[in-house]
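To start, the structure under review is shown below, and the notes come after it.
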Amino acid sequence: MDIIRTAIGLMSGTSMDGIDVALIRTDGRGFIERGPFMGVPYDADFRGQLKRALEIARPLSDRNERPAELRAIELELTLRHAIAVTAFMERFELLADGVDVLGFHGQTVLHRPDEGLTIQIGDGPELTRRTGIAVVYDMRANDMVHGGQGAPLVPAYHAALAGKFQQQGQAVCFVNIGGISNLTSIGTDGRISAFDSGPGNTLIDQWVEMQTGRTYDPGGEIGGRGKVVASLAERYLQSPFFRGNVRRSLDRGDFAPLRPEEASLEDGARTLAHVAAASIIKSASFLPETPAVYIVCGGGRLNATLMAEFSVMAEGLGSKVLSAEEAGFDGDAMEAEAWAYLAVRSLDGLPLTFPGTTGVGIPVSGGVLATP
């Protein structure tokens with residue numbers, strides 16, 4: 001009989017806005033019982049430190065290399081995760097001995113799949129020491145050792161959630177719009193296809209912060225007042241990333257930000273929302289089936305301008321767009337839940353990635369286990 005474990009997932013994504021904490025009970029297979037969720041935002045100073053970490057990591061060629069400044073940021077990141085876990089457990093009246101494992105994403109500071117290089121900072125053994133709970137961390141590396149792109153990893157969880165749509169005989173596509181957007185398609189035959197689809201919130205966030213000092217466009221309100229600058233949109237959408245049938249994973253630096261003089265605040269935000277939506281559609285053209293339903297999770301689903309653009313484009317191709325909530329899920333919690341699910345799969349040696357998700361040669365497990 002498969003063991004059902006209680007797991008907490010911890011996600012700090014490419015948008016670098018904070019830590020998502022979510023609890024599930026699962027056997028790492030088809031049984032999933034979703035529990036509470038909590039978001040812990042980063043302050044501006046620490047977000048600045050994470051941006052500095054991206055700069056420090058840029059010249060690195062050894063994934064284990066930690067220059068002193070990067071190591072200091074890694075320890076601060078780990079401490080903040082430990083505090084987040086403690087606060088989550090206090091809030092929801094959980095005890096350490098009632099949680100089997102933490103799934104720790106860490107912070108990706110460099111991702112160069114073509115070079116077989118990915119660096120996530122986050123000290124798993126230190127997190128274990130501070131929480132008293134086993135930690136599975138560094139879940140991307142083994143995939144890349146076996147020839148995969150190291151991303152996306154969430155598809156295994158999406159496939160487990162897709163059951164009710166498959167029962168209706170529909171091809172369903174989960175779209176996670178974070179800093180980078182990614183797709184997971186579960187076909188009518190159960191086949192999983194997944195890949196990064198293009199820029200999500202990163203370009204919009206960079207633009208709004210550059211122009212206003214705010215870290216994002218709340219609800220897509222700024223973009224909603226603008227118009228699409230076609231020449232700028234085309235510049236992004238003509239990227240080689242969207243050509244050819246070999247999908248690859250992206251780093252947040254793969255698409256350059258707009259320059260301040262290229263558009264007004266509103267037109268820039270609207271154009272970049274259009275680019276995020278069109279990127280999904282262009283990348284979805286490489287799927288084996290046109291999805292009947294798109295289920296959108298991640299922060300981008302809260303950008304009404306982006307969602308309106310995406311809905312019009314998808315409906316023109318005969319597809320329906322639902323937010324995660326409209327489909328019965330929690331779009332804020334889904335990535336953190338996925339990391340909890342993957343941690344349990346890792347404990348059981350089950351595959352985290354597949355040829356159809358990362359391009360790895362064979363299904364492989366992954367992750368490193370740190371125990372108290």
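We label chains A, B, ... in the order they appear in the structure tokens, count residues from 1 in each chain, and number ligands from 1 in the order shown.
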Residue neighbourhood Val99 of chain A, 8 Å, only C-alpha atoms, exclusion window fewer than 4 positions, as a PyMOL selection string = chain A and resi 5-8+94-95+133
Store the residues picked out above in a file with all heavy atoms, as a PDB file, in the first residue's frame.
```pdb
ATOM      1  N   ARG A   5       1.775  10.768   2.956  1.00  0.00           N
ATOM      2  CA  ARG A   5       2.615  11.633   3.782  1.00  0.00           C
ATOM      3  C   ARG A   5       2.069  13.057   3.805  1.00  0.00           C
ATOM      4  O   ARG A   5       1.394  13.497   2.874  1.00  0.00           O
ATOM      5  CB  ARG A   5       4.050  11.659   3.242  1.00  0.00           C
ATOM      6  CG  ARG A   5       4.793  10.326   3.348  1.00  0.00           C
ATOM      7  CD  ARG A   5       6.220  10.503   2.832  1.00  0.00           C
ATOM      8  NE  ARG A   5       7.070   9.346   3.072  1.00  0.00           N
ATOM      9  CZ  ARG A   5       7.252   8.363   2.203  1.00  0.00           C
ATOM     10  NH1 ARG A   5       6.605   8.382   1.039  1.00  0.00           N
ATOM     11  NH2 ARG A   5       8.061   7.361   2.481  1.00  0.00           N
ATOM     12  N   THR A   6       2.413  13.756   4.872  1.00  0.00           N
ATOM     13  CA  THR A   6       2.093  15.174   4.989  1.00  0.00           C
ATOM     14  C   THR A   6       3.337  15.961   4.603  1.00  0.00           C
ATOM     15  O   THR A   6       4.411  15.743   5.165  1.00  0.00           O
ATOM     16  CB  THR A   6       1.673  15.519   6.423  1.00  0.00           C
ATOM     17  OG1 THR A   6       0.515  14.761   6.770  1.00  0.00           O
ATOM     18  CG2 THR A   6       1.364  17.004   6.558  1.00  0.00           C
ATOM     19  N   ALA A   7       3.191  16.843   3.633  1.00  0.00           N
ATOM     20  CA  ALA A   7       4.344  17.572   3.105  1.00  0.00           C
ATOM     21  C   ALA A   7       4.019  19.050   2.979  1.00  0.00           C
ATOM     22  O   ALA A   7       2.889  19.434   2.666  1.00  0.00           O
ATOM     23  CB  ALA A   7       4.735  17.015   1.736  1.00  0.00           C
ATOM     24  N   ILE A   8       5.027  19.878   3.226  1.00  0.00           N
ATOM     25  CA  ILE A   8       4.917  21.318   3.037  1.00  0.00           C
ATOM     26  C   ILE A   8       5.838  21.708   1.889  1.00  0.00           C
ATOM     27  O   ILE A   8       7.015  21.349   1.872  1.00  0.00           O
ATOM     28  CB  ILE A   8       5.310  22.098   4.306  1.00  0.00           C
ATOM     29  CG1 ILE A   8       4.278  21.863   5.414  1.00  0.00           C
ATOM     30  CG2 ILE A   8       5.446  23.594   4.019  1.00  0.00           C
ATOM     31  CD1 ILE A   8       4.645  22.492   6.750  1.00  0.00           C
ATOM     32  N   LEU A  94       0.235  23.257  13.598  1.00  0.00           N
ATOM     33  CA  LEU A  94       0.917  22.026  13.177  1.00  0.00           C
ATOM     34  C   LEU A  94       2.144  21.803  14.036  1.00  0.00           C
ATOM     35  O   LEU A  94       2.788  22.758  14.479  1.00  0.00           O
ATOM     36  CB  LEU A  94       1.348  22.133  11.709  1.00  0.00           C
ATOM     37  CG  LEU A  94       0.242  22.400  10.692  1.00  0.00           C
ATOM     38  CD1 LEU A  94       0.841  22.827   9.358  1.00  0.00           C
ATOM     39  CD2 LEU A  94      -0.611  21.153  10.510  1.00  0.00           C
ATOM     40  N   LEU A  95       2.481  20.539  14.255  1.00  0.00           N
ATOM     41  CA  LEU A  95       3.696  20.176  14.986  1.00  0.00           C
ATOM     42  C   LEU A  95       4.709  19.583  14.018  1.00  0.00           C
ATOM     43  O   LEU A  95       4.338  18.936  13.023  1.00  0.00           O
ATOM     44  CB  LEU A  95       3.376  19.167  16.086  1.00  0.00           C
ATOM     45  CG  LEU A  95       2.394  19.646  17.165  1.00  0.00           C
ATOM     46  CD1 LEU A  95       2.062  18.496  18.114  1.00  0.00           C
ATOM     47  CD2 LEU A  95       2.975  20.828  17.937  1.00  0.00           C
ATOM     48  N   ILE A 133      12.647  19.272  10.512  1.00  0.00           N
ATOM     49  CA  ILE A 133      11.871  18.478   9.553  1.00  0.00           C
ATOM     50  C   ILE A 133      12.778  18.101   8.383  1.00  0.00           C
ATOM     51  O   ILE A 133      13.616  18.899   7.941  1.00  0.00           O
ATOM     52  CB  ILE A 133      10.660  19.282   9.029  1.00  0.00           C
ATOM     53  CG1 ILE A 133       9.763  19.732  10.192  1.00  0.00           C
ATOM     54  CG2 ILE A 133       9.848  18.459   8.025  1.00  0.00           C
ATOM     55  CD1 ILE A 133       8.693  20.740   9.778  1.00  0.00           C
TER      56      ILE A 133
END
```
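Neighbours of Thr215 of chain A closer than or equal to 9 Å, with only C-alpha atoms counted and sequence neighbours fewer than 5 positions away skipped, come out as A:Asp17, A:Asp205, A:Gln206, A:Trp207, A:Val208, A:Glu209, A:Met210.
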Give me the residues within 6 Å of segment 266-282 of chain A as a ChimeraX atom specification, counting only C-alpha atoms and dropping any in the same chain fewer than 2 places off.
/A:197-200,204,222-223,225-229,233,263-264,284-285,306,310
At a cut-off of 9 Å, using only C-alpha atoms, what residues contact Ser311 of chain A? Leave out same-chain residues fewer than 6 positions from it and give the result as a list of chain:residue names.
A:Ala277, A:Ser319, A:Lys320, A:Val321, A:Leu322
Would you pick out the contacts of Asp43 of chain A at 10 Å or less, using only C-alpha atoms, so that residues sharing its chain but fewer than 3 positions from it are not included, and give the list as a ChimeraX atom specification? /A:17-18,40,46-48
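Neighbours of Glu55 of chain A closer than or equal to 12 Å, with only C-alpha atoms counted and sequence neighbours fewer than 3 positions away skipped, come out as Gly48, Gln49, Leu50, Lys51, Arg52, Arg58, Pro59, Leu60, Pro67, Glu69, Leu70, Val109, Leu110 and Gly253 of chain A.
Among A:Phe174, A:Phe165, A:Tyr341, A:Tyr157, the residue with the shortest atom-to-atom distance to Thr188 of chain A, counting only C-alpha atoms, is A:Phe165.
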Among segment 112-201 of chain A, which ones does DSSP assign to strand (DSSP E or B) (computed from the backbone)? Answer as a PyMOL selection string. chain A and resi 112+117-121+135-137+172-177+180-186+192-199
For the residues selected in the previous step, produce a file with C-alpha atoms as a short mmCIF file (atom, residue, chain, number, x, y, z; two decimals), in the first residue's frame.
```
data_model
loop_
_atom_site.label_atom_id
_atom_site.label_comp_id
_atom_site.auth_asym_id
_atom_site.auth_seq_id
_atom_site.Cartn_x
_atom_site.Cartn_y
_atom_site.Cartn_z
CA ARG A 112 21.49 27.80 -18.62
CA LEU A 117 23.98 24.44 -15.70
CA THR A 118 21.39 25.43 -13.12
CA ILE A 119 22.01 27.11 -9.77
CA GLN A 120 19.41 27.32 -7.00
CA ILE A 121 20.56 28.89 -3.76
CA VAL A 135 14.00 18.53 3.56
CA VAL A 136 14.16 17.52 -0.10
CA TYR A 137 15.96 20.20 -2.10
CA VAL A 172 -6.36 20.24 -20.67
CA CYS A 173 -3.45 22.66 -20.45
CA PHE A 174 -2.26 24.16 -17.17
CA VAL A 175 -0.62 27.55 -17.68
CA ASN A 176 1.54 28.85 -14.87
CA ILE A 177 2.16 32.57 -15.36
CA ILE A 180 8.45 32.96 -16.74
CA SER A 181 5.32 31.18 -18.03
CA ASN A 182 5.15 27.45 -18.57
CA LEU A 183 2.61 25.01 -19.97
CA THR A 184 1.61 21.49 -19.02
CA SER A 185 -0.69 19.71 -21.45
CA ILE A 186 -2.38 16.44 -20.52
CA ILE A 192 2.11 14.81 -20.74
CA SER A 193 3.80 17.57 -22.70
CA ALA A 194 5.34 20.52 -20.89
CA PHE A 195 7.73 23.38 -21.49
CA ASP A 196 8.41 27.01 -20.74
CA SER A 197 6.28 29.18 -23.00
CA GLY A 198 7.89 32.60 -22.75
CA PRO A 199 8.00 35.72 -20.58
#
```
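Here atom CA of Phe104 of chain A and atom CA of Asp20 of chain A stand 10.6 Å from one another.
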With distances taken over only C-alpha atoms, the candidate from A:Glu115, A:Pro155, A:Ala96, A:Gly13 nearest Gly132 of chain A is A:Ala96
Practice item. Using only C-alpha atoms, determine which residues lie at most 9 Å from Cys297 of chain A, disregarding the query and same-chain residues fewer than 6 positions distant; provide the list as a PyMOL selection string. Key: chain A and resi 174-178+323-325+329-335
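For the residues A:Met16, A:Leu350, A:Met313, A:Ala87, ranking by smallest atom-to-atom distance to Ala44 of chain A using only C-alpha atoms places A:Met16 first.
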